[in-house]
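The structure appears right after this line, and notes come after that.
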2 protein chains.
Amino acid sequence: MSVQPEAAARRRGRRPAGEDTRQAIITVARSEFAARGYDGTTLRGVARAAGVDARLVHHYFDGKEELFVAAMDLPARPQEVVPLILGPGPDGVGERLVRFFFAVWDPPAGRERILALLGAALNSPEAARMLREFLARELFGRIAHSLGGEQPELRAGLAASQMVGLALARYVVQVEPLASAPVDDLVPWLAPTIQRYLVG
Amino acid sequence: MSVQPEAAARRRGRRPAGEDTRQAIITVARSEFAARGYDGTTLRGVARAAGVDARLVHHYFDGKEELFVAAMDLPARPQEVVPLILGPGPDGVGERLVRFFFAVWDPPAGRERILALLGAALNSPEAARMLREFLARELFGRIAHSLGGEQPELRAGLAASQMVGLALARYVVQVEPLASAPVDDLVPWLAPTIQRYLVG
């Protein structure tokens with residue numbers, strides 16, 4: 001793959017033609033994920049639906065996970081985040097995971113995003129399935145498998161249930177004082193829960 | 001308050017006139033709770049909106065909590081449930097609470113109810129507020145206050161976040177194996193979390 005001119009154009013502030021192609025692929029991918037779920041979607045299928053060569057999709061996206069992150073407008077790629085959460089070893093993995101979620105969710109844009117995602121999951125079985133498969137495969141599942149305990153899928157599900165419940169209580173239902181409590185006051189409560197689910 | 005004829009009629013299987021009045025009060029209460037939240041609704045206000053005497057509302061419902069339980073079609077009254085969960089003392093309160101929720105949610109009717117409640121809370125700030133005030137005041141709040149630890153409201157919110165997250169993961173998003181795991185396999189994971197939040 002050669003150096004692409006749009007990278008240089010982007011740096012100069014112009015909107016390059018490649019940006020439209022990328023955006024078109026993302027739009028198609030969003031429907032494909034919604035229709036087929038995370039597991040059922042392939043880069044080849046997205047390329048076909050978008051009417052472009054599969055190599056073009058691969059040029060813009062380093063794999064299905066990156067395409068999903070772009071399609072859902074997620075703030076970070078699990079592939080990059082998981083090693084940071086796993087860090088030097090199992091000690092402190094609960095705290096690192098809890099702090100990562102607060103860093104993603106607490107800013108206003110993060111709040112909007114989590115509200116939209118949870119709302120979609122409750123109103124559409126397809127959205128729920130997509131979210132479930134992505135979280136299981138790419139985020140919590142990867143962490144739980146790396147830690148090597150028994151029943152990694154169950155551990156991943158339990159950790160996900162606490163973090164999603166926290167999002168619901170803090171950002172949607174806004175239970176006080178949970179909704180306004182500083183992150184540093186909440187971490188000592190939540191980190192041991194996640195640590196026990198993942199490692200204990 | 002004298003013995004009411006509709007109780008006898010109900011035992012004989014006929015639908016008594018009083019049943020219509022009760023149902024009318026419930027319908028009005030549902031709108032009042034939605035419009036004013038749990039804290040802002042009064043039995044007097046519901047009576048006024050329904051065009052009946054306040055004593056009639058008191059005749060059918062033993063207080064605001066019972067009216068809310070009827071209006072939301074909840075399966076149990078916190079007033080009756082809380083003493084059972086508190087039981088003989090703080091030991092085992094986490095396990096009793098977790099088992100109570102599974103007993104309420106796991107049957108098909110319970111699943112439908114929790115999906116409807118969570119859906120409403122995500123789609124309407126009023127429904128979220130109503131649910132939040134009810135849970136804080138009547139269920140988790142009452143339990144946490146009775147146990148006498150520091151920061152009872154925060155403890156109540158954390159326990160609620162885990163149980164709501166569990167409902168979302170097991171019934172809505174259906175993360176496996178969490179969605180299909182037998183209750184007895186899940187209790188040993190969840191009970192210590194709730195125990196620590198409420199008592200630890």
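By order of appearance in the structure tokens: chains A, B, ..., then residues from 1 within every chain, and ligands from 1 in the order shown.
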With only C-alpha atoms counted and 6 Å as the cut-off, give the residues of chain B in contact with chain A, each with its shortest interatomic distance in Å and the pair that gives it, as CSV.
```
residue,atom,partner,partner_atom,distance
B:Gly119,CA,A:Leu122,CA,5.8
B:Leu122,CA,A:Gly119,CA,5.8
B:Ala128,CA,A:Val173,CA,4.9
B:Arg132,CA,A:Val173,CA,5.9
B:Leu154,CA,A:Pro177,CA,5.6
B:Ser161,CA,A:Gly165,CA,4.5
B:Gln162,CA,A:Gln162,CA,4.9
B:Val164,CA,A:Gly165,CA,5.4
B:Gly165,CA,A:Gly165,CA,3.4
B:Leu166,CA,A:Ser161,CA,5.0
B:Ala169,CA,A:Ser161,CA,5.5
B:Val173,CA,A:Ala128,CA,4.9
B:Val175,CA,A:Arg132,CA,6.0
B:Pro177,CA,A:Leu154,CA,5.6
B:Leu178,CA,A:Leu154,CA,5.9
```
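Note that CA of Arg137 in chain A and CA of Ile114 in chain B are 26.2 Å apart.
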Ranking B:Arg36, B:Ala29, B:Gly89, B:Gly63 by minimum distance to Ala49 in chain B and counting only C-alpha atoms, which one comes first?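 Among the listed residues, the smallest separation from Ala49 in chain B belongs to B:Ala29.
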Going by DSSP on the backbone, which bits of range 73-200 of chain A are alpha helix (DSSP H)? Write them as an NGL selection string, please. :A and (78-86 or 93-105 or 108-123 or 125-134 or 140-147 or 152-167 or 183-198)
For Ala54 in chain A, find every residue with an atom within 10 Å (counting only C-alpha atoms), except residues of its own chain fewer than 4 positions away, and show them as an MDAnalysis selection string. chainID A and resid 43:48 50 58:59
Close residues, Ser146 in chain A itself excluded, 12 Å, only C-alpha atoms, min 6 positions apart in chain, as a PyMOL selection string: chain A and resi 82-83+85-87+89-90+93+138-140+152-153+155-156+198-199
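Atom pair CA of Leu56 in chain B / CA of Val28 in chain B has a distance of 13.6 Å (rounded to one decimal).
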Taking only C-alpha atoms into account, which of B:Arg99, B:Arg77, B:Arg111, B:Arg22 comes nearest Lys64 in chain B?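 Of all the options, B:Arg77 lies closest to Lys64 in chain B.
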